[in-house]
2 protein chains.
Amino acid sequence: MISERIVDMETNDFHVLLNKKAAECEAVLQKFLPRQEGFAERVIEAMNYSVLAGGKRLRPMLILETAAMYGAEPSMYEPFMAALEMIHTYSLVHDDLPAMDNDTLRRGRKTTWNVYGDGMAVIAGDGLLNLAYETAARAIENAGSELQMRRGIRALNVLARNAGIYGMVGGQCADIEAENRETLETASDEEKEALLVYIHENKTAAMIRSGFQIGAILGGAPEEDIEELGIIADRIGLAFQIQDDILDVTGSSEDLGKTIGKDAEEGKVTYVSLHGLEAAAEKVESLTREALEAMDRLHVQNDFLRELALYLVVRSN
Amino acid sequence: MISERIVDMETNDFHVLLNKKAAECEAVLQKFLPRQEGFAERVIEAMNYSVLAGGKRLRPMLILETAAMYGAEPSMYEPFMAALEMIHTYSLVHDDLPAMDNDTLRRGRKTTWNVYGDGMAVIAGDGLLNLAYETAARAIENAGSELQMRRGIRALNVLARNAGIYGMVGGQCADIEAENRETLETASDEEKEALLVYIHENKTAAMIRSGFQIGAILGGAPEEDIEELGIIADRIGLAFQIQDDILDVTGSSEDLGKTIGKDAEEGKVTYVSLHGLEAAAEKVESLTREALEAMDRLHVQNDFLRELALYLVVRSN
């Protein structure tokens with residue numbers, strides 16, 4: 001059982017290593033955050049507040065690990081680590097807005113709009129998104145060789161595609177639509193499930209896919225490995241999101257640092273509401289197994305990445 | 001007098017040419033707009049609604065003209081034309097939100113949030129911003145040579161920098177801050193003017209700078225020309241914005257297709273409120289003269305670009 005393995009892991013040094021790597025990611029991120037000065041001071045303050053809200057840095061950590069596996073250059077992968085976390089953060093800032101999920105707390109801290117006002121939160125998100133691309137583009141402009149440059153542009157494309165309408169934004173759209181009860185009332189269970197999988201694969205898995213693939217692309221990984229990493233990301237991302245649905249039912253607000261039980265209260269369709277808790281837990285198991293099998297097929301092995309993938313899925317918060 | 005020249009121009013074929021070029025820009029834009037399909041259909045519909053709201057396409061037109069002057073490839077400059085207009089459009093969609101300017105009409109048409117709801121408008125803006133970078137990145141990935149690729153990345157950097165906290169987003173931040181009366185009550189007239197110039201140079205001129213420089217960068221223009229084009233853009237952009245302040249006082253809602261007199265009503269600091277209408281009009285004249293002088297210094301001349309620069313400033317709507 002995967003959940004037993006995780007309990008095991010808690011007694012060994014996975015968590016020590018995880019914290020060490022999170023601190024590494026934090027240090028990289030700090031390098032690319034703008035200084036708060038001039039007339040744009042307030043939006044930069046709001047951006048820094050949002051990024052430094054103490055996430056686990058799992059997405060940049062995936063880049064760090066895959067970059068190490070395939071030997072990418074720090075001057076290339078570090079800016080992409082920062083860019084991916086900036087994009088992840090912008091999406092949280094916009095998701096929390098009163099116009100969207102209307103969340104007042106995230107990770108036990110006031111959300112950005114709740115501190116800086118909605119207007120400033122809108123442009124803080126926009127600022128992060130633009131800065132993400134500027135950060136990645138500057139790294140590519142300074143690449144040491146044509147080969148590095150080509151890999152950088154491919155990575156930028158992956159980053160943009162997974163963030164936009166064919167990725168995260170597409171998932172957010174379907175999510176908003178799903179909250180519209182009228183759309184769902186006439187839908188069959190199959191249609192509901194298709195919609196749900198689309199939301200999960202795009203709203204969450206897409207950004208995890210960027211995490212798994214960008215480091216490999218920058219390091220010149222074999223094509224088969226880039227493809228396998230995409231499959232791993234899709235399985236892990238879907239499992240991650242189903243686990244999130246499970247935690248919304250079984251977790252505590254204190255553990256999660258956010259309001260729980262919201263899904264049920266809002267009558268939201270989730271994997272749990274469609275199939276029940278037990279089937280949801282089984283689905284998490286089978287998706288994780290598929291991800292681990294794909295990981296076995298990679299040309300380069302990385303034990304920490306395996307543990308990290310498991311951790312991503314079976315986290316308690 | 002510049003305003004007399006414009007009256008003259010209206011009788012010659014500048015407007016015929018302008019409409020022809022706008023149609024060209026429209027056709028380019030159409031090529032890069034996503035099809036409305038799948039679960040992301042609604043956000044894509046909102047994005048298309050926003051882009052196809054019938055603007056004058058002045059920013060992509062600047063790329064079209066400067067690209068022609070320096071001989072850039074259509075496969076490179078067309079995606080950048082679309083990307084710049086997408087970024088311009090996202091900023092309008094977010095600016096119109098209830099959380100920002102709370103505008104219900106733009107160019108005589110319902111604003112995006114007013115049709116699709118605020119949440120969908122937030123992610124439609126995000127979708128446009130991501131798609132802009134994806135569109136530009138894909139063009140660079142498919143560049144025919146290393147030289148083209150290098151120019152493409154430089155252009156992407158200019159695009160991102162001018163859109164973000166060191167450009168448009170920075171200007172929006174200062175604009176929101178300026179609406180906070182308490183900040184301004186203690187400010188001297190010099191401080192107010194510095195803030196105002198910052199807002200104008202960043203909120204508007206930055207995107208015009210992208211328009212003037214990107215085509216030249218993609219075409220491999222001499223460095224002096226790229227620099228002069230930046231100066232032209234700054235002067236024209238500032239003049240454009242002061243003219244906007246003037247129109248808010250002297251124009252009619254019908255001509256502008258938007259609510260006028262809002263600045264005064266909201267007690268907003270504008271060039272007109274600080275210096276009066278006459279001094280504002282003189283400032284527009286002198287800035288325009290400086291822009292035209294810089295244009296004379298370019299290695300390549302383009303009569304239509306001159307007229308376009310004048311038109312940008314002295315438009316009545």
# chains A, B, ... in the order shown; residues from 1 in each chain; ligands from 1
>>> interface_residues(of="chain B", to="chain A", cutoff="8 Å", atoms="only C-alpha atoms", output="short mmCIF file (atom, residue, chain, number, x, y, z; two decimals) with N, CA and C atoms, in the first residue's frame")
data_model
loop_
_atom_site.label_atom_id
_atom_site.label_comp_id
_atom_site.auth_asym_id
_atom_site.auth_seq_id
_atom_site.Cartn_x
_atom_site.Cartn_y
_atom_site.Cartn_z
N PHE B 39 -13.92 21.67 -23.64
CA PHE B 39 -14.38 22.17 -22.34
C PHE B 39 -13.91 23.60 -22.07
N ALA B 40 -12.92 24.08 -22.84
CA ALA B 40 -12.43 25.45 -22.64
C ALA B 40 -13.17 26.42 -23.56
N ARG B 42 -15.84 28.21 -23.50
CA ARG B 42 -16.37 29.48 -23.01
C ARG B 42 -15.27 30.54 -22.83
N VAL B 43 -14.14 30.13 -22.27
CA VAL B 43 -13.07 31.11 -22.06
C VAL B 43 -12.50 31.55 -23.41
N ILE B 44 -12.44 30.62 -24.36
CA ILE B 44 -11.94 30.96 -25.69
C ILE B 44 -12.92 31.91 -26.38
N HIS B 94 -8.87 43.17 -18.11
CA HIS B 94 -8.66 43.26 -16.66
C HIS B 94 -8.94 44.67 -16.13
N ALA B 99 -13.44 45.00 -10.14
CA ALA B 99 -12.37 45.17 -9.15
C ALA B 99 -11.40 46.28 -9.55
N MET B 100 -11.43 46.69 -10.83
CA MET B 100 -10.52 47.74 -11.30
C MET B 100 -11.35 48.99 -11.65
N ASP B 118 -17.41 38.14 -14.07
CA ASP B 118 -16.05 38.57 -13.69
C ASP B 118 -15.04 37.44 -13.70
N GLY B 119 -15.45 36.28 -13.19
CA GLY B 119 -14.49 35.18 -13.07
C GLY B 119 -13.98 34.79 -14.44
N MET B 120 -14.90 34.65 -15.39
CA MET B 120 -14.52 34.27 -16.75
C MET B 120 -13.66 35.37 -17.38
N VAL B 122 -11.59 37.36 -15.77
CA VAL B 122 -10.24 37.25 -15.19
C VAL B 122 -9.44 36.21 -15.97
N ILE B 123 -10.02 35.01 -16.17
CA ILE B 123 -9.23 33.96 -16.84
C ILE B 123 -9.15 34.17 -18.35
N ASP B 126 -6.13 36.21 -18.52
CA ASP B 126 -4.98 35.33 -18.28
C ASP B 126 -4.72 34.46 -19.51
N GLY B 127 -5.78 33.96 -20.11
CA GLY B 127 -5.66 33.12 -21.30
C GLY B 127 -5.00 33.88 -22.44
N LEU B 129 -3.00 36.46 -22.17
CA LEU B 129 -1.60 36.75 -21.82
C LEU B 129 -0.73 35.52 -22.07
N ASN B 130 -1.18 34.37 -21.60
CA ASN B 130 -0.43 33.14 -21.86
C ASN B 130 -0.34 32.84 -23.35
N LEU B 131 -1.44 33.03 -24.05
CA LEU B 131 -1.46 32.72 -25.49
C LEU B 131 -0.52 33.65 -26.26
N TYR B 133 2.34 34.85 -25.24
CA TYR B 133 3.71 34.33 -25.11
C TYR B 133 3.88 33.00 -25.83
N GLU B 134 2.84 32.18 -25.80
CA GLU B 134 2.92 30.90 -26.51
C GLU B 134 3.06 31.14 -28.02
N ALA B 137 6.54 32.44 -28.70
CA ALA B 137 7.53 31.38 -28.47
C ALA B 137 7.50 30.35 -29.60
N ARG B 138 6.29 30.03 -30.08
CA ARG B 138 6.21 29.05 -31.16
C ARG B 138 6.88 29.57 -32.43
N ILE B 140 9.36 31.63 -32.57
CA ILE B 140 10.82 31.57 -32.38
C ILE B 140 11.31 30.14 -32.53
N GLU B 141 10.54 29.18 -31.99
CA GLU B 141 10.94 27.77 -32.10
C GLU B 141 11.03 27.34 -33.56
N GLU B 146 19.64 30.63 -36.84
CA GLU B 146 20.03 31.03 -35.49
C GLU B 146 19.86 32.54 -35.33
N ARG B 150 17.71 34.43 -32.52
CA ARG B 150 18.26 35.42 -31.58
C ARG B 150 17.44 36.69 -31.58
N ILE B 153 14.12 36.10 -29.79
CA ILE B 153 14.19 36.09 -28.32
C ILE B 153 14.35 37.50 -27.78
N ARG B 154 15.13 38.30 -28.50
CA ARG B 154 15.27 39.70 -28.05
C ARG B 154 13.91 40.40 -28.11
N LEU B 156 11.02 39.01 -27.87
CA LEU B 156 10.17 38.46 -26.80
C LEU B 156 10.48 39.13 -25.46
N ASN B 157 11.77 39.38 -25.25
CA ASN B 157 12.19 40.07 -24.03
C ASN B 157 11.61 41.48 -23.96
N ALA B 160 7.88 41.22 -23.18
CA ALA B 160 7.59 40.87 -21.78
C ALA B 160 7.92 42.02 -20.84
N ARG B 161 9.07 42.65 -21.07
CA ARG B 161 9.50 43.72 -20.17
C ARG B 161 8.51 44.89 -20.21
N ALA B 163 5.42 44.80 -20.96
CA ALA B 163 4.09 44.43 -20.48
C ALA B 163 4.04 44.35 -18.95
N GLY B 164 5.17 44.08 -18.31
CA GLY B 164 5.19 43.74 -16.89
C GLY B 164 5.41 44.90 -15.94
N ILE B 165 6.00 44.58 -14.79
CA ILE B 165 6.15 45.59 -13.72
C ILE B 165 7.06 46.73 -14.11
N TYR B 166 7.95 46.53 -15.09
CA TYR B 166 8.80 47.63 -15.54
C TYR B 166 8.16 48.34 -16.72
N VAL B 169 2.20 46.96 -16.29
CA VAL B 169 1.69 46.60 -14.96
C VAL B 169 2.18 47.61 -13.91
N GLY B 170 3.43 48.06 -14.06
CA GLY B 170 3.94 49.10 -13.16
C GLY B 170 3.09 50.36 -13.25
N GLY B 171 2.73 50.74 -14.46
CA GLY B 171 1.88 51.92 -14.67
C GLY B 171 0.50 51.73 -14.07
N GLN B 172 -0.05 50.53 -14.21
CA GLN B 172 -1.37 50.26 -13.63
C GLN B 172 -1.33 50.35 -12.12
N CYS B 173 -0.24 49.86 -11.53
CA CYS B 173 -0.08 49.92 -10.07
C CYS B 173 -0.09 51.38 -9.62
N ALA B 174 0.73 52.20 -10.28
CA ALA B 174 0.82 53.62 -9.89
C ALA B 174 -0.54 54.29 -10.09
N ILE B 176 -3.53 52.85 -9.79
CA ILE B 176 -4.40 52.46 -8.67
C ILE B 176 -4.02 53.25 -7.42
N LEU B 195 4.60 61.30 -10.70
CA LEU B 195 3.74 60.11 -10.67
C LEU B 195 2.95 59.99 -11.97
N TYR B 198 5.10 58.97 -14.83
CA TYR B 198 5.41 57.54 -14.69
C TYR B 198 4.23 56.69 -15.18
#
>>> select_by_dssp(residues="region 104-279 of chain A", states="strand (DSSP E)", output="list in words")
Leu105, Arg106, Arg109 and Lys110 of chain A
>>> write_last_selection(atoms="N, CA and C atoms", output="PDB file, in the first residue's frame")
ATOM      1  N   LEU A 105      -8.442  32.973   3.005  1.00  0.00           N
ATOM      2  CA  LEU A 105      -7.224  32.399   3.585  1.00  0.00           C
ATOM      3  C   LEU A 105      -6.604  31.377   2.648  1.00  0.00           C
ATOM      4  N   ARG A 106      -5.273  31.314   2.674  1.00  0.00           N
ATOM      5  CA  ARG A 106      -4.537  30.268   1.954  1.00  0.00           C
ATOM      6  C   ARG A 106      -3.304  29.954   2.775  1.00  0.00           C
ATOM      7  N   ARG A 109      -2.838  31.982   5.848  1.00  0.00           N
ATOM      8  CA  ARG A 109      -2.474  33.389   5.746  1.00  0.00           C
ATOM      9  C   ARG A 109      -3.522  34.098   4.901  1.00  0.00           C
ATOM     10  N   LYS A 110      -3.693  35.391   5.129  1.00  0.00           N
ATOM     11  CA  LYS A 110      -4.648  36.145   4.327  1.00  0.00           C
ATOM     12  C   LYS A 110      -4.270  36.054   2.845  1.00  0.00           C
TER      13      LYS A 110
END
>>> closest_residue(among="A:Asn202, A:Asn102, A:Thr270, A:Thr288", to="Ala239 (chain A)", atoms="only C-alpha atoms")
A:Thr288
>>> residues_around(residues="Thr204 (chain B)", least_positions_apart="2", cutoff="7 Å", atoms="only C-alpha atoms", output="compact mmCIF listing (two decimals) with N, CA and C atoms, in the first residue's frame")
# COMPACT_ATOMS: atom_id res chain seq x y z
N MET B 168 3.81 48.21 -18.43
CA MET B 168 2.37 48.43 -18.26
C MET B 168 1.85 48.12 -16.85
N HIS B 200 1.78 57.49 -17.24
CA HIS B 200 1.60 57.61 -18.69
C HIS B 200 2.68 56.84 -19.44
N GLU B 201 3.94 57.02 -19.01
CA GLU B 201 5.03 56.36 -19.74
C GLU B 201 4.94 54.85 -19.64
N ASN B 202 4.40 54.37 -18.54
CA ASN B 202 4.37 52.93 -18.36
C ASN B 202 3.05 52.29 -18.77
N ALA B 206 4.67 52.16 -22.86
CA ALA B 206 5.44 50.92 -22.89
C ALA B 206 4.97 49.99 -24.00
N MET B 207 3.66 49.86 -24.15
CA MET B 207 3.14 48.96 -25.17
C MET B 207 3.35 49.53 -26.58
N ILE B 208 3.36 50.86 -26.67
CA ILE B 208 3.64 51.50 -27.96
C ILE B 208 5.12 51.30 -28.30
N GLY B 237 3.79 58.01 -27.01
CA GLY B 237 2.98 57.37 -25.98
C GLY B 237 2.51 58.35 -24.92
N GLN B 241 -1.35 59.75 -24.27
CA GLN B 241 -2.05 59.65 -23.00
C GLN B 241 -2.54 61.03 -22.53
>>> atom_distance(atom1="CA of Asp303 (chain B)", atom2="CA of Glu227 (chain B)")
19.2 Å
>>> closest_residue(among="B:Arg59, B:Met76, B:Asn180, B:Val314", to="Ala205 (chain B)", atoms="only C-alpha atoms")
B:Arg59
>>> atom_distance(atom1="CA of Leu247 (chain B)", atom2="CA of Asn114 (chain B)")
24.6 Å
>>> decode(residues="region 117-182 of chain A", atoms="C-alpha atoms", output="PDB file, in the first residue's frame")
ATOM      1  CA  GLY A 117      -7.484  44.775  -2.443  1.00  0.00           C
ATOM      2  CA  ASP A 118      -8.937  43.061  -5.523  1.00  0.00           C
ATOM      3  CA  GLY A 119      -7.586  45.488  -8.110  1.00  0.00           C
ATOM      4  CA  MET A 120      -4.028  45.184  -6.844  1.00  0.00           C
ATOM      5  CA  ALA A 121      -4.416  41.382  -6.671  1.00  0.00           C
ATOM      6  CA  VAL A 122      -5.540  41.268 -10.321  1.00  0.00           C
ATOM      7  CA  ILE A 123      -2.443  43.160 -11.467  1.00  0.00           C
ATOM      8  CA  ALA A 124      -0.137  41.340  -9.011  1.00  0.00           C
ATOM      9  CA  GLY A 125      -1.184  38.124 -10.761  1.00  0.00           C
ATOM     10  CA  ASP A 126      -0.653  39.746 -14.151  1.00  0.00           C
ATOM     11  CA  GLY A 127       2.725  41.047 -12.986  1.00  0.00           C
ATOM     12  CA  LEU A 128       3.801  37.548 -11.916  1.00  0.00           C
ATOM     13  CA  LEU A 129       2.694  36.052 -15.206  1.00  0.00           C
ATOM     14  CA  ASN A 130       4.575  38.629 -17.270  1.00  0.00           C
ATOM     15  CA  LEU A 131       7.627  38.356 -15.023  1.00  0.00           C
ATOM     16  CA  ALA A 132       7.632  34.581 -15.403  1.00  0.00           C
ATOM     17  CA  TYR A 133       7.959  34.880 -19.171  1.00  0.00           C
ATOM     18  CA  GLU A 134      10.436  37.741 -18.926  1.00  0.00           C
ATOM     19  CA  THR A 135      12.596  35.687 -16.545  1.00  0.00           C
ATOM     20  CA  ALA A 136      12.592  32.660 -18.850  1.00  0.00           C
ATOM     21  CA  ALA A 137      13.142  34.791 -21.966  1.00  0.00           C
ATOM     22  CA  ARG A 138      16.126  36.570 -20.410  1.00  0.00           C
ATOM     23  CA  ALA A 139      17.736  33.225 -19.569  1.00  0.00           C
ATOM     24  CA  ILE A 140      17.311  32.080 -23.157  1.00  0.00           C
ATOM     25  CA  GLU A 141      18.718  35.362 -24.487  1.00  0.00           C
ATOM     26  CA  ASN A 142      21.838  34.775 -22.386  1.00  0.00           C
ATOM     27  CA  ALA A 143      22.171  31.087 -23.313  1.00  0.00           C
ATOM     28  CA  GLY A 144      25.738  29.982 -23.947  1.00  0.00           C
ATOM     29  CA  SER A 145      25.147  28.148 -27.222  1.00  0.00           C
ATOM     30  CA  GLU A 146      22.644  27.692 -30.018  1.00  0.00           C
ATOM     31  CA  LEU A 147      21.792  24.251 -28.607  1.00  0.00           C
ATOM     32  CA  GLN A 148      21.034  25.709 -25.171  1.00  0.00           C
ATOM     33  CA  MET A 149      18.956  28.383 -26.836  1.00  0.00           C
ATOM     34  CA  ARG A 150      16.913  25.839 -28.791  1.00  0.00           C
ATOM     35  CA  ARG A 151      16.266  23.805 -25.671  1.00  0.00           C
ATOM     36  CA  GLY A 152      15.322  26.977 -23.819  1.00  0.00           C
ATOM     37  CA  ILE A 153      12.741  27.956 -26.418  1.00  0.00           C
ATOM     38  CA  ARG A 154      11.250  24.480 -26.396  1.00  0.00           C
ATOM     39  CA  ALA A 155      11.002  24.672 -22.608  1.00  0.00           C
ATOM     40  CA  LEU A 156       9.358  28.100 -22.866  1.00  0.00           C
ATOM     41  CA  ASN A 157       6.792  26.659 -25.253  1.00  0.00           C
ATOM     42  CA  VAL A 158       5.989  23.825 -22.854  1.00  0.00           C
ATOM     43  CA  LEU A 159       5.684  26.344 -20.017  1.00  0.00           C
ATOM     44  CA  ALA A 160       3.296  28.614 -21.965  1.00  0.00           C
ATOM     45  CA  ARG A 161       1.183  25.830 -23.420  1.00  0.00           C
ATOM     46  CA  ASN A 162       0.616  24.133 -20.066  1.00  0.00           C
ATOM     47  CA  ALA A 163      -0.268  27.448 -18.427  1.00  0.00           C
ATOM     48  CA  GLY A 164      -2.785  28.618 -21.046  1.00  0.00           C
ATOM     49  CA  ILE A 165      -6.057  27.559 -22.624  1.00  0.00           C
ATOM     50  CA  TYR A 166      -4.664  24.140 -23.583  1.00  0.00           C
ATOM     51  CA  GLY A 167      -3.636  23.657 -19.962  1.00  0.00           C
ATOM     52  CA  MET A 168      -4.357  25.407 -16.693  1.00  0.00           C
ATOM     53  CA  VAL A 169      -6.602  28.227 -17.971  1.00  0.00           C
ATOM     54  CA  GLY A 170      -8.638  25.665 -19.926  1.00  0.00           C
ATOM     55  CA  GLY A 171      -9.068  23.680 -16.698  1.00  0.00           C
ATOM     56  CA  GLN A 172     -10.111  26.804 -14.794  1.00  0.00           C
ATOM     57  CA  CYS A 173     -12.709  27.562 -17.458  1.00  0.00           C
ATOM     58  CA  ALA A 174     -14.224  24.089 -17.227  1.00  0.00           C
ATOM     59  CA  ASP A 175     -14.161  24.416 -13.436  1.00  0.00           C
ATOM     60  CA  ILE A 176     -16.151  27.669 -13.544  1.00  0.00           C
ATOM     61  CA  GLU A 177     -18.581  26.090 -15.997  1.00  0.00           C
ATOM     62  CA  ALA A 178     -18.979  23.052 -13.736  1.00  0.00           C
ATOM     63  CA  GLU A 179     -20.081  25.340 -10.930  1.00  0.00           C
ATOM     64  CA  ASN A 180     -22.946  26.412 -13.098  1.00  0.00           C
ATOM     65  CA  ARG A 181     -25.581  23.924 -11.901  1.00  0.00           C
ATOM     66  CA  GLU A 182     -27.712  24.196 -15.019  1.00  0.00           C
TER      67      GLU A 182
END
